[in-house]
file query_20.txt (compact mmCIF, C-alpha atoms)
# COMPACT_ATOMS: atom_id res chain seq x y z
CA MET A 1 -147.18 79.70 43.78
CA THR A 2 -148.61 77.18 41.33
CA THR A 3 -145.39 75.47 40.27
CA SER A 4 -143.53 72.74 42.11
CA PRO A 5 -139.84 72.05 42.80
CA PRO A 6 -137.90 70.78 39.73
CA LYS A 7 -137.34 67.44 41.45
CA LEU A 8 -141.05 66.65 41.26
CA TYR A 9 -141.11 67.32 37.51
CA TRP A 10 -138.10 65.09 36.97
CA LYS A 11 -139.70 62.32 39.03
CA THR A 12 -142.88 62.65 36.97
CA PHE A 13 -140.86 62.40 33.77
CA VAL A 14 -139.00 59.29 34.99
CA ALA A 15 -142.32 57.66 35.93
CA LEU A 16 -143.69 58.48 32.46
CA ALA A 17 -140.59 57.04 30.78
CA VAL A 18 -140.85 53.84 32.83
CA LEU A 19 -144.54 53.48 31.90
CA LEU A 20 -143.61 54.00 28.23
CA ALA A 21 -140.97 51.25 28.48
CA ILE A 22 -143.51 48.91 30.13
CA THR A 23 -146.28 49.47 27.60
CA TRP A 24 -143.85 49.15 24.68
CA SER A 25 -142.30 45.87 25.87
CA VAL A 26 -145.60 44.31 26.98
CA SER A 27 -146.96 44.89 23.45
CA TYR A 28 -144.53 42.15 22.33
CA VAL A 29 -146.16 39.63 24.67
CA ASP A 30 -149.39 37.98 23.55
CA LEU A 31 -152.03 38.54 26.22
CA GLY A 32 -155.02 38.23 23.93
CA SER A 33 -157.57 40.97 24.44
CA PHE A 34 -155.74 42.02 27.60
CA ASN A 35 -153.09 43.69 25.42
CA LEU A 36 -155.51 46.50 24.58
CA ILE A 37 -156.83 46.83 28.14
CA PHE A 38 -153.28 46.92 29.51
CA ALA A 39 -152.09 49.48 26.92
CA LEU A 40 -155.08 51.73 27.60
CA GLY A 41 -154.60 51.38 31.36
CA ILE A 42 -150.99 52.55 31.05
CA ALA A 43 -152.02 55.42 28.76
CA VAL A 44 -154.64 56.55 31.28
CA ALA A 45 -152.04 56.37 34.08
CA LYS A 46 -149.63 58.51 32.00
CA ALA A 47 -152.37 61.04 31.21
CA ILE A 48 -153.24 61.30 34.91
CA LEU A 49 -149.57 61.86 35.84
CA ILE A 50 -149.25 64.62 33.22
CA MET A 51 -152.47 66.31 34.36
CA LEU A 52 -151.68 66.07 38.07
CA PHE A 53 -148.08 67.28 38.02
CA PHE A 54 -147.24 68.97 34.70
CA MET A 55 -150.63 70.66 34.32
CA HIS A 56 -150.93 71.37 38.07
CA ILE A 57 -154.37 69.84 38.51
CA ARG A 58 -153.01 68.83 41.90
CA GLY A 59 -153.43 71.91 44.03
CA SER A 60 -155.71 73.77 41.64
CA SER A 61 -159.28 74.82 42.29
CA ARG A 62 -162.28 72.49 42.45
CA LEU A 63 -163.68 74.32 39.41
CA LEU A 64 -160.72 73.24 37.24
CA HIS A 65 -161.13 69.66 38.43
CA PHE A 66 -164.74 69.75 37.22
CA VAL A 67 -163.84 71.20 33.82
CA ALA A 68 -161.05 68.65 33.30
CA ALA A 69 -163.38 65.81 34.33
CA ALA A 70 -166.13 67.17 32.07
CA GLY A 71 -163.94 66.88 28.98
CA VAL A 72 -163.25 63.22 29.74
CA LEU A 73 -166.85 62.52 30.77
CA TRP A 74 -168.28 63.86 27.50
CA LEU A 75 -165.84 61.76 25.50
CA LEU A 76 -166.91 58.69 27.48
CA ILE A 77 -170.59 59.47 26.78
CA LEU A 78 -169.77 59.71 23.06
CA LEU A 79 -167.84 56.43 23.02
CA SER A 80 -170.14 54.40 25.27
CA LEU A 81 -173.42 55.36 23.57
CA VAL A 82 -172.07 54.65 20.08
CA LEU A 83 -170.42 51.39 21.18
CA GLY A 84 -173.61 50.43 22.99
CA ASP A 85 -175.29 50.65 19.62
CA TYR A 86 -172.63 48.69 17.70
CA MET A 87 -172.20 45.96 20.30
CA THR A 88 -175.91 45.18 20.54
CA ARG A 89 -176.66 44.93 16.82
CA MET B 1 -149.52 105.63 32.90
CA ASN B 2 -147.02 102.87 33.32
CA ALA B 3 -147.76 100.24 30.64
CA ILE B 4 -146.46 97.30 32.67
CA ALA B 5 -148.36 98.21 35.82
CA THR B 6 -151.67 98.36 33.95
CA ALA B 7 -150.91 95.14 32.07
CA VAL B 8 -150.59 93.13 35.27
CA VAL B 9 -154.23 93.25 36.42
CA ALA B 10 -156.83 93.90 33.76
CA GLU B 11 -159.69 96.23 34.65
CA GLN B 12 -162.39 93.57 35.00
CA PHE B 13 -160.53 91.59 37.70
CA ASP B 14 -160.34 92.28 41.42
CA ASP B 15 -156.77 91.05 41.76
CA ILE B 16 -154.04 89.06 40.05
CA GLU B 17 -155.23 85.79 41.63
CA GLN B 18 -158.66 86.14 40.06
CA GLN B 19 -157.11 87.00 36.70
CA HIS B 20 -154.92 83.90 36.84
CA SER B 21 -157.86 81.62 37.71
CA ALA B 22 -159.90 83.09 34.86
CA ALA B 23 -157.08 82.52 32.36
CA LYS B 24 -156.58 78.93 33.50
CA LEU B 25 -160.31 78.23 33.48
CA GLY B 26 -160.58 79.55 29.92
CA MET B 27 -157.72 77.34 28.77
CA TRP B 28 -159.14 74.22 30.44
CA ILE B 29 -162.52 74.85 28.80
CA PHE B 30 -160.74 75.17 25.44
CA LEU B 31 -158.91 71.89 26.14
CA ALA B 32 -162.25 70.21 26.91
CA THR B 33 -163.45 71.25 23.44
CA GLU B 34 -160.18 69.89 22.03
CA VAL B 35 -160.94 66.54 23.66
CA MET B 36 -164.17 66.47 21.68
CA PHE B 37 -162.36 67.63 18.52
CA PHE B 38 -160.03 64.63 18.68
CA GLY B 39 -162.88 62.60 20.17
CA GLY B 40 -164.66 62.27 16.83
CA LEU B 41 -161.58 60.65 15.32
CA PHE B 42 -161.05 58.43 18.35
CA LEU B 43 -164.67 57.38 17.96
CA ALA B 44 -164.10 56.46 14.30
CA TYR B 45 -161.04 54.49 15.35
CA THR B 46 -163.00 52.66 18.08
CA VAL B 47 -165.92 51.74 15.83
CA TYR B 48 -163.75 50.51 12.96
CA ARG B 49 -161.39 48.62 15.23
CA PHE B 50 -164.42 46.98 16.84
CA THR B 51 -165.79 46.09 13.40
CA TYR B 52 -162.55 45.07 11.62
CA GLY B 53 -160.30 44.16 14.55
CA HIS B 54 -158.30 41.55 12.70
CA VAL B 55 -157.27 43.66 9.71
CA PHE B 56 -156.61 46.64 12.00
CA ALA B 57 -154.08 44.55 13.90
CA LEU B 58 -152.44 43.47 10.64
CA ALA B 59 -152.34 47.04 9.34
CA SER B 60 -150.95 48.36 12.64
CA ARG B 61 -148.04 45.93 12.28
CA HIS B 62 -146.97 47.83 9.15
CA LEU B 63 -146.25 50.93 11.24
CA ASP B 64 -142.75 51.19 12.68
CA ASP B 65 -143.10 51.24 16.47
CA VAL B 66 -139.55 52.59 16.84
CA PHE B 67 -140.67 55.88 15.25
CA GLY B 68 -143.74 56.00 17.48
CA GLY B 69 -141.93 54.99 20.66
CA VAL B 70 -138.98 57.35 20.25
CA ASN B 71 -141.39 60.17 19.42
CA THR B 72 -143.35 59.44 22.60
CA ALA B 73 -140.16 59.82 24.62
CA VAL B 74 -139.26 63.04 22.75
CA LEU B 75 -142.66 64.56 23.47
CA LEU B 76 -142.66 63.48 27.13
CA PHE B 77 -139.24 65.09 27.58
CA SER B 78 -140.39 68.30 25.90
CA SER B 79 -143.30 68.36 28.38
CA LEU B 80 -140.80 68.14 31.24
CA LEU B 81 -138.86 71.09 29.76
CA MET B 82 -142.11 73.06 29.40
CA ALA B 83 -143.06 72.41 33.02
CA LEU B 84 -139.61 73.65 34.07
CA ALA B 85 -140.07 76.70 31.82
CA VAL B 86 -143.34 77.60 33.56
CA ARG B 87 -141.49 77.42 36.87
CA ALA B 88 -138.70 79.65 35.57
CA ALA B 89 -141.32 82.15 34.37
CA GLU B 90 -143.04 82.20 37.74
CA LEU B 91 -139.74 82.76 39.54
CA GLY B 92 -138.86 85.53 37.08
CA ARG B 93 -135.68 83.82 35.85
CA ARG B 94 -135.61 85.35 32.39
CA LYS B 95 -132.49 83.73 30.93
CA GLN B 96 -133.45 80.28 32.16
CA LEU B 97 -136.98 80.77 30.83
CA VAL B 98 -135.73 81.68 27.34
CA ARG B 99 -133.36 78.69 27.27
CA LEU B 100 -136.02 76.25 28.46
CA LEU B 101 -138.58 77.55 25.97
CA LEU B 102 -136.09 77.19 23.11
CA ALA B 103 -135.22 73.67 24.27
CA THR B 104 -138.93 72.75 24.41
CA ALA B 105 -139.44 74.06 20.87
CA LEU B 106 -136.34 72.18 19.74
CA PHE B 107 -137.76 68.88 20.97
CA GLY B 108 -141.04 69.76 19.27
CA VAL B 109 -139.13 70.24 16.02
CA LEU B 110 -137.32 66.94 16.62
CA PHE B 111 -140.71 65.24 16.98
CA MET B 112 -141.89 66.73 13.69
CA THR B 113 -138.65 65.75 11.94
CA ILE B 114 -138.98 62.13 13.06
CA LYS B 115 -142.64 62.21 11.99
CA ALA B 116 -141.62 63.50 8.55
CA PHE B 117 -139.16 60.63 8.09
CA GLU B 118 -141.88 58.23 9.18
CA TYR B 119 -144.42 59.66 6.72
CA ARG B 120 -141.78 59.34 4.00
CA LYS B 121 -141.31 55.67 4.90
CA ASP B 122 -145.10 55.14 4.87
CA PHE B 123 -145.18 56.67 1.40
CA VAL B 124 -142.34 54.53 0.09
CA GLU B 125 -144.06 51.41 1.46
CA HIS B 126 -147.33 52.31 -0.31
CA LEU B 127 -149.25 52.78 2.91
CA VAL B 128 -150.75 56.16 2.02
CA PRO B 129 -154.45 55.84 1.08
CA ARG B 130 -155.25 56.90 -2.51
CA PHE B 131 -151.52 57.35 -3.30
CA ASP B 132 -150.83 53.98 -4.90
CA PHE B 133 -151.95 52.16 -1.77
CA ARG B 134 -150.96 48.48 -1.92
CA TRP B 135 -152.09 45.69 0.36
CA ASP B 136 -151.20 42.01 0.12
CA GLY B 137 -154.07 39.85 1.24
CA PRO B 138 -157.80 40.23 1.70
CA ASP B 139 -159.65 43.21 3.16
CA ALA B 140 -157.52 45.77 1.33
CA ALA B 141 -160.28 48.37 1.63
CA ASN B 142 -160.50 47.91 5.40
CA ALA B 143 -156.72 48.03 5.76
CA GLU B 144 -156.77 51.28 3.82
CA LEU B 145 -159.35 52.52 6.32
CA PHE B 146 -156.85 52.01 9.14
CA PHE B 147 -154.35 54.21 7.33
CA TRP B 148 -156.99 56.89 6.68
CA ILE B 149 -157.55 57.04 10.43
CA TYR B 150 -153.80 56.87 11.13
CA PHE B 151 -153.07 59.84 8.87
CA ALA B 152 -156.08 61.83 10.10
CA LEU B 153 -155.16 61.35 13.77
CA THR B 154 -151.39 61.84 13.45
CA GLY B 155 -151.93 64.67 10.94
CA LEU B 156 -154.30 66.56 13.23
CA HIS B 157 -151.87 65.96 16.08
CA ALA B 158 -148.94 67.21 13.96
CA ILE B 159 -150.86 70.42 13.22
CA HIS B 160 -151.28 70.88 16.97
CA VAL B 161 -147.57 70.30 17.57
CA THR B 162 -146.73 72.86 14.87
CA VAL B 163 -149.04 75.45 16.46
CA GLY B 164 -147.45 74.67 19.83
CA ILE B 165 -143.91 75.17 18.50
CA ALA B 166 -144.92 78.53 16.98
CA LEU B 167 -146.52 79.66 20.28
CA ILE B 168 -143.47 78.61 22.29
CA LEU B 169 -141.10 80.44 19.93
CA VAL B 170 -143.21 83.61 20.24
CA LEU B 171 -143.06 83.22 24.03
CA ALA B 172 -139.27 82.83 23.86
CA LEU B 173 -139.05 86.07 21.85
CA LEU B 174 -141.30 87.93 24.28
CA ALA B 175 -139.44 86.48 27.26
CA SER B 176 -136.06 87.58 25.94
CA ALA B 177 -137.56 91.06 25.54
CA GLY B 178 -138.45 90.90 29.24
CA LYS B 179 -142.23 90.85 28.85
CA PHE B 180 -142.92 88.30 31.58
CA SER B 181 -141.29 90.01 34.52
CA GLN B 182 -144.58 90.29 36.40
CA ASN B 183 -147.03 88.13 34.50
CA PHE B 184 -146.13 84.54 33.72
CA MET B 185 -149.62 83.43 32.71
CA PRO B 186 -148.99 83.25 28.93
CA VAL B 187 -146.24 80.69 29.61
CA GLU B 188 -148.44 78.65 31.97
CA ILE B 189 -151.39 78.72 29.53
CA THR B 190 -149.24 77.67 26.57
CA GLY B 191 -147.78 74.97 28.80
CA LEU B 192 -151.27 73.55 29.41
CA TYR B 193 -151.80 73.35 25.64
CA TRP B 194 -148.41 71.67 25.11
CA HIS B 195 -149.11 69.06 27.81
CA PHE B 196 -152.52 68.37 26.26
CA VAL B 197 -150.89 67.69 22.89
CA ASP B 198 -148.53 65.33 24.74
CA ILE B 199 -151.49 63.48 26.30
CA VAL B 200 -153.10 62.99 22.88
CA TRP B 201 -149.92 61.32 21.64
CA VAL B 202 -149.78 59.15 24.78
CA PHE B 203 -153.05 57.59 23.54
CA LEU B 204 -152.14 57.57 19.85
CA PHE B 205 -148.96 55.55 20.42
CA PRO B 206 -150.55 52.36 21.83
CA LEU B 207 -153.73 52.64 19.72
CA LEU B 208 -151.95 53.03 16.38
CA TYR B 209 -148.53 51.44 16.82
CA LEU B 210 -149.07 48.69 19.37
CA ALA B 211 -152.48 47.45 18.21
CA GLY B 212 -151.24 44.27 16.60
CA HIS B 213 -147.78 43.18 17.62
CA ARG B 214 -148.78 39.64 18.38

call {"tool": "encode", "arguments": {"input": "query_20.txt", "output": "structure tokens"}}
result
Amino acid sequence: MTTSPPKLYWKTFVALAVLLAITWSVSYVDLGSFNLIFALGIAVAKAILIMLFFMHIRGSSRLLHFVAAAGVLWLLILLSLVLGDYMTR
Amino acid sequence: MNAIATAVVAEQFDDIEQQHSAAKLGMWIFLATEVMFFGGLFLAYTVYRFTYGHVFALASRHLDDVFGGVNTAVLLFSSLLMALAVRAAELGRRKQLVRLLLATALFGVLFMTIKAFEYRKDFVEHLVPRFDFRWDGPDAANAELFFWIYFALTGLHAIHVTVGIALILVLALLASAGKFSQNFMPVEITGLYWHFVDIVWVFLFPLLYLAGHR
């Protein structure tokens, strides 16, 4: 059995909707550069919720955890190396 | 030979568990390549926002965050329906599965419809690069750059949504023909893809629409 009870999916959706409401309303408040950090933080939290519960990363094999992490890790390598170049020029 | 019995476990697998893990692993590897596919565009966005942060914020303010926000909610809800559909498939509830798949596709179509109205508004407001793009103020070329990236990212995402809708409709057809009585993996695998497309939008919404409110 890979799937969960419907209640868990509904709870996940409600959490995602609340996070959407938070990120949307906070964008109207001026926090300087923290606006971007906050918005990205919320987006990461939403992505983690979707992966854990909708995509069943929770309860799946260690191998899948590695593959999922690898996708993110390679993207971070791409972004950090290029930004490392631009920020030190 | 019974066609359904042979379809359940393919020859190269020991049992159904192993077949399921292999299918999921394959899909996750594909999704990792998709991360890199979108990654190039996210990289372009990052570099140009880092370089022209001010004009990016101004340009972002020209996008209507109501379109983006409502579409985020629509896509999140369709993901919920998809997750419920995967459950229905696993439990072998055929009628429920067909209904949930159709509802998921419907919300996908709703997303695309809202997106179409938004693109129309962008066009009317002269925000489409090369199509009579107009910009009041300095840095018009860099503002245009923001809209290049906006259309590339949302366009690539819209193609993914369209593919997803088509896949889900095919699944609904197959499900109503009773094809998933013993093997729900196609639904689960398509679900993974649909949730991935949802995640991409979760990042596009703040990066494109909320970049410069204040």

call {"tool": "closest_residue", "arguments": {"input": "query_20.txt", "among": "B:Val187, B:Ile149, B:Leu171, B:Leu210", "to": "Thr46 of chain B", "atoms": "all atoms listed in the file"}}
result
B:Ile149

call {"tool": "closest_atom_pairs", "arguments": {"input": "query_20.txt", "of": "chain B", "to": "chain A", "cutoff": "9 Å", "atoms": "only C-alpha atoms", "output": "JSON lines"}}
result
{"residue": "B:Ser21", "atom": "CA", "partner": "A:Ser61", "partner_atom": "CA", "distance": 8.3}
{"residue": "B:Lys24", "atom": "CA", "partner": "A:Leu64", "partner_atom": "CA", "distance": 8.0}
{"residue": "B:Leu25", "atom": "CA", "partner": "A:Leu64", "partner_atom": "CA", "distance": 6.3}
{"residue": "B:Trp28", "atom": "CA", "partner": "A:Val67", "partner_atom": "CA", "distance": 6.5}
{"residue": "B:Ile29", "atom": "CA", "partner": "A:Val67", "partner_atom": "CA", "distance": 6.3}
{"residue": "B:Leu31", "atom": "CA", "partner": "A:Gly71", "partner_atom": "CA", "distance": 7.6}
{"residue": "B:Ala32", "atom": "CA", "partner": "A:Gly71", "partner_atom": "CA", "distance": 4.3}
{"residue": "B:Thr33", "atom": "CA", "partner": "A:Gly71", "partner_atom": "CA", "distance": 7.1}
{"residue": "B:Glu34", "atom": "CA", "partner": "A:Gly71", "partner_atom": "CA", "distance": 8.5}
{"residue": "B:Val35", "atom": "CA", "partner": "A:Gly71", "partner_atom": "CA", "distance": 6.1}
{"residue": "B:Met36", "atom": "CA", "partner": "A:Leu75", "partner_atom": "CA", "distance": 6.3}
{"residue": "B:Gly39", "atom": "CA", "partner": "A:Leu75", "partner_atom": "CA", "distance": 6.2}
{"residue": "B:Gly40", "atom": "CA", "partner": "A:Leu78", "partner_atom": "CA", "distance": 8.5}
{"residue": "B:Phe42", "atom": "CA", "partner": "A:Leu79", "partner_atom": "CA", "distance": 8.5}
{"residue": "B:Leu43", "atom": "CA", "partner": "A:Leu79", "partner_atom": "CA", "distance": 6.0}
{"residue": "B:Thr46", "atom": "CA", "partner": "A:Leu79", "partner_atom": "CA", "distance": 7.9}
{"residue": "B:Val47", "atom": "CA", "partner": "A:Leu83", "partner_atom": "CA", "distance": 7.0}
{"residue": "B:Phe50", "atom": "CA", "partner": "A:Tyr86", "partner_atom": "CA", "distance": 8.4}
{"residue": "B:Thr51", "atom": "CA", "partner": "A:Tyr86", "partner_atom": "CA", "distance": 8.5}
{"residue": "B:Asp65", "atom": "CA", "partner": "A:Trp24", "partner_atom": "CA", "distance": 8.5}
{"residue": "B:Gly69", "atom": "CA", "partner": "A:Trp24", "partner_atom": "CA", "distance": 7.3}
{"residue": "B:Thr72", "atom": "CA", "partner": "A:Leu20", "partner_atom": "CA", "distance": 7.8}
{"residue": "B:Ala73", "atom": "CA", "partner": "A:Ala17", "partner_atom": "CA", "distance": 6.8}
{"residue": "B:Leu76", "atom": "CA", "partner": "A:Phe13", "partner_atom": "CA", "distance": 7.0}
{"residue": "B:Phe77", "atom": "CA", "partner": "A:Phe13", "partner_atom": "CA", "distance": 6.9}
{"residue": "B:Ser79", "atom": "CA", "partner": "A:Phe54", "partner_atom": "CA", "distance": 7.5}
{"residue": "B:Leu80", "atom": "CA", "partner": "A:Phe13", "partner_atom": "CA", "distance": 6.3}
{"residue": "B:Leu81", "atom": "CA", "partner": "A:Tyr9", "partner_atom": "CA", "distance": 8.9}
{"residue": "B:Met82", "atom": "CA", "partner": "A:Phe54", "partner_atom": "CA", "distance": 8.4}
{"residue": "B:Ala83", "atom": "CA", "partner": "A:Phe54", "partner_atom": "CA", "distance": 5.7}
{"residue": "B:Leu84", "atom": "CA", "partner": "A:Pro6", "partner_atom": "CA", "distance": 6.6}
{"residue": "B:Val86", "atom": "CA", "partner": "A:Thr3", "partner_atom": "CA", "distance": 7.3}
{"residue": "B:Arg87", "atom": "CA", "partner": "A:Thr3", "partner_atom": "CA", "distance": 5.5}
{"residue": "B:Glu90", "atom": "CA", "partner": "A:Thr3", "partner_atom": "CA", "distance": 7.6}
{"residue": "B:Glu188", "atom": "CA", "partner": "A:Met55", "partner_atom": "CA", "distance": 8.6}
{"residue": "B:Gly191", "atom": "CA", "partner": "A:Met55", "partner_atom": "CA", "distance": 7.6}
{"residue": "B:Leu192", "atom": "CA", "partner": "A:Met55", "partner_atom": "CA", "distance": 5.7}
{"residue": "B:His195", "atom": "CA", "partner": "A:Met55", "partner_atom": "CA", "distance": 6.9}
{"residue": "B:Phe196", "atom": "CA", "partner": "A:Met51", "partner_atom": "CA", "distance": 8.4}
{"residue": "B:Asp198", "atom": "CA", "partner": "A:Ile50", "partner_atom": "CA", "distance": 8.5}
{"residue": "B:Ile199", "atom": "CA", "partner": "A:Ala47", "partner_atom": "CA", "distance": 5.6}
{"residue": "B:Val200", "atom": "CA", "partner": "A:Ala47", "partner_atom": "CA", "distance": 8.6}
{"residue": "B:Val202", "atom": "CA", "partner": "A:Ala43", "partner_atom": "CA", "distance": 5.9}
{"residue": "B:Phe203", "atom": "CA", "partner": "A:Ala43", "partner_atom": "CA", "distance": 5.7}
{"residue": "B:Phe205", "atom": "CA", "partner": "A:Ala43", "partner_atom": "CA", "distance": 8.9}
{"residue": "B:Pro206", "atom": "CA", "partner": "A:Ala39", "partner_atom": "CA", "distance": 6.0}
{"residue": "B:Leu207", "atom": "CA", "partner": "A:Leu36", "partner_atom": "CA", "distance": 8.0}
{"residue": "B:Leu210", "atom": "CA", "partner": "A:Ser27", "partner_atom": "CA", "distance": 6.0}
{"residue": "B:Ala211", "atom": "CA", "partner": "A:Leu36", "partner_atom": "CA", "distance": 7.1}
{"residue": "B:Gly212", "atom": "CA", "partner": "A:Ser27", "partner_atom": "CA", "distance": 8.1}
{"residue": "B:His213", "atom": "CA", "partner": "A:Tyr28", "partner_atom": "CA", "distance": 5.8}
{"residue": "B:Arg214", "atom": "CA", "partner": "A:Asp30", "partner_atom": "CA", "distance": 5.5}

call {"tool": "atom_distance", "arguments": {"input": "query_20.txt", "atom1": "atom CA of Val70 of chain B", "atom2": "atom CA of Phe146 of chain B"}}
result
21.7 Å

call {"tool": "atom_distance", "arguments": {"input": "query_20.txt", "atom1": "atom CA of Asp15 of chain B", "atom2": "atom CA of Leu101 of chain B"}}
result
27.6 Å

call {"tool": "atom_distance", "arguments": {"input": "query_20.txt", "atom1": "atom CA of Leu19 of chain A", "atom2": "atom CA of Phe34 of chain A"}}
result
16.6 Å

call {"tool": "residues_near_point", "arguments": {"input": "query_20.txt", "point": "(-140.3, 79.3, 19.8)", "cutoff": "12 Å", "atoms": "all atoms listed in the file", "output": "JSON list (two decimals) with C-alpha atoms, in the frame of the given file"}}
result
[["chain", "number", "residue", "atom", "x", "y", "z"],
["B", 82, "MET", "CA", -142.11, 73.06, 29.40],
["B", 97, "LEU", "CA", -136.98, 80.77, 30.83],
["B", 98, "VAL", "CA", -135.73, 81.68, 27.34],
["B", 99, "ARG", "CA", -133.36, 78.69, 27.27],
["B", 100, "LEU", "CA", -136.02, 76.25, 28.46],
["B", 101, "LEU", "CA", -138.58, 77.55, 25.97],
["B", 102, "LEU", "CA", -136.09, 77.19, 23.11],
["B", 103, "ALA", "CA", -135.22, 73.67, 24.27],
["B", 104, "THR", "CA", -138.93, 72.75, 24.41],
["B", 105, "ALA", "CA", -139.44, 74.06, 20.87],
["B", 106, "LEU", "CA", -136.34, 72.18, 19.74],
["B", 107, "PHE", "CA", -137.76, 68.88, 20.97],
["B", 108, "GLY", "CA", -141.04, 69.76, 19.27],
["B", 109, "VAL", "CA", -139.13, 70.24, 16.02],
["B", 161, "VAL", "CA", -147.57, 70.30, 17.57],
["B", 162, "THR", "CA", -146.73, 72.86, 14.87],
["B", 163, "VAL", "CA", -149.04, 75.45, 16.46],
["B", 164, "GLY", "CA", -147.45, 74.67, 19.83],
["B", 165, "ILE", "CA", -143.91, 75.17, 18.50],
["B", 166, "ALA", "CA", -144.92, 78.53, 16.98],
["B", 167, "LEU", "CA", -146.52, 79.66, 20.28],
["B", 168, "ILE", "CA", -143.47, 78.61, 22.29],
["B", 169, "LEU", "CA", -141.10, 80.44, 19.93],
["B", 170, "VAL", "CA", -143.21, 83.61, 20.24],
["B", 171, "LEU", "CA", -143.06, 83.22, 24.03],
["B", 172, "ALA", "CA", -139.27, 82.83, 23.86],
["B", 173, "LEU", "CA", -139.05, 86.07, 21.85],
["B", 174, "LEU", "CA", -141.30, 87.93, 24.28],
["B", 175, "ALA", "CA", -139.44, 86.48, 27.26],
["B", 176, "SER", "CA", -136.06, 87.58, 25.94],
["B", 187, "VAL", "CA", -146.24, 80.69, 29.61],
["B", 190, "THR", "CA", -149.24, 77.67, 26.57]]

call {"tool": "axis_aligned_box", "arguments": {"input": "query_20.txt", "around": "segment 193-200 of chain B", "padding_each_side": "3 Å", "output": "lines of an AutoDock Vina configuration file"}}
result
center_x = -150.8
center_y = 68.2
center_z = 25.3
size_x = 10.7
size_y = 16.4
size_z = 10.9

call {"tool": "residues_around", "arguments": {"input": "query_20.txt", "residues": "segment 110-115 of chain B", "least_positions_apart": "4", "cutoff": "7 Å", "atoms": "only C-alpha atoms", "output": "list in words"}}
result
Phe67, Asn71, Val74, Leu75, Leu106 and Tyr119 of chain B

call {"tool": "build_atoms", "arguments": {"input": "query_20.txt", "residues": "segment 119-131 of chain B", "atoms": "N, CA and C atoms", "output": "mmCIF file, in the frame of the given file"}}
result
data_model
loop_
_atom_site.group_PDB
_atom_site.id
_atom_site.type_symbol
_atom_site.label_atom_id
_atom_site.label_comp_id
_atom_site.auth_asym_id
_atom_site.auth_seq_id
_atom_site.Cartn_x
_atom_site.Cartn_y
_atom_site.Cartn_z
ATOM 1 N N TYR B 119 -143.459 59.496 7.810
ATOM 2 C CA TYR B 119 -144.420 59.660 6.720
ATOM 3 C C TYR B 119 -143.773 59.293 5.384
ATOM 4 N N ARG B 120 -142.501 59.663 5.229
ATOM 5 C CA ARG B 120 -141.780 59.340 4.000
ATOM 6 C C ARG B 120 -141.706 57.818 3.824
ATOM 7 N N LYS B 121 -141.393 57.130 4.930
ATOM 8 C CA LYS B 121 -141.310 55.670 4.900
ATOM 9 C C LYS B 121 -142.682 55.069 4.562
ATOM 10 N N ASP B 122 -143.741 55.609 5.169
ATOM 11 C CA ASP B 122 -145.100 55.140 4.870
ATOM 12 C C ASP B 122 -145.381 55.284 3.373
ATOM 13 N N PHE B 123 -144.938 56.415 2.814
ATOM 14 C CA PHE B 123 -145.180 56.670 1.400
ATOM 15 C C PHE B 123 -144.435 55.671 0.525
ATOM 16 N N VAL B 124 -143.169 55.462 0.866
ATOM 17 C CA VAL B 124 -142.340 54.530 0.090
ATOM 18 C C VAL B 124 -142.923 53.116 0.145
ATOM 19 N N GLU B 125 -143.508 52.759 1.295
ATOM 20 C CA GLU B 125 -144.060 51.410 1.460
ATOM 21 C C GLU B 125 -145.507 51.298 0.979
ATOM 22 N N HIS B 126 -145.973 52.307 0.266
ATOM 23 C CA HIS B 126 -147.330 52.310 -0.310
ATOM 24 C C HIS B 126 -148.413 52.139 0.746
ATOM 25 N N LEU B 127 -148.268 52.864 1.839
ATOM 26 C CA LEU B 127 -149.250 52.780 2.910
ATOM 27 C C LEU B 127 -150.154 54.016 2.955
ATOM 28 N N VAL B 128 -149.955 54.940 2.004
ATOM 29 C CA VAL B 128 -150.750 56.160 2.020
ATOM 30 C C VAL B 128 -152.026 55.939 1.197
ATOM 31 N N PRO B 129 -153.208 56.068 1.822
ATOM 32 C CA PRO B 129 -154.450 55.840 1.080
ATOM 33 C C PRO B 129 -154.542 56.744 -0.143
ATOM 34 N N ARG B 130 -155.060 56.172 -1.249
ATOM 35 C CA ARG B 130 -155.250 56.900 -2.510
ATOM 36 C C ARG B 130 -153.945 57.156 -3.266
ATOM 37 N N PHE B 131 -152.788 57.134 -2.598
ATOM 38 C CA PHE B 131 -151.520 57.350 -3.300
ATOM 39 C C PHE B 131 -150.868 55.992 -3.559
#
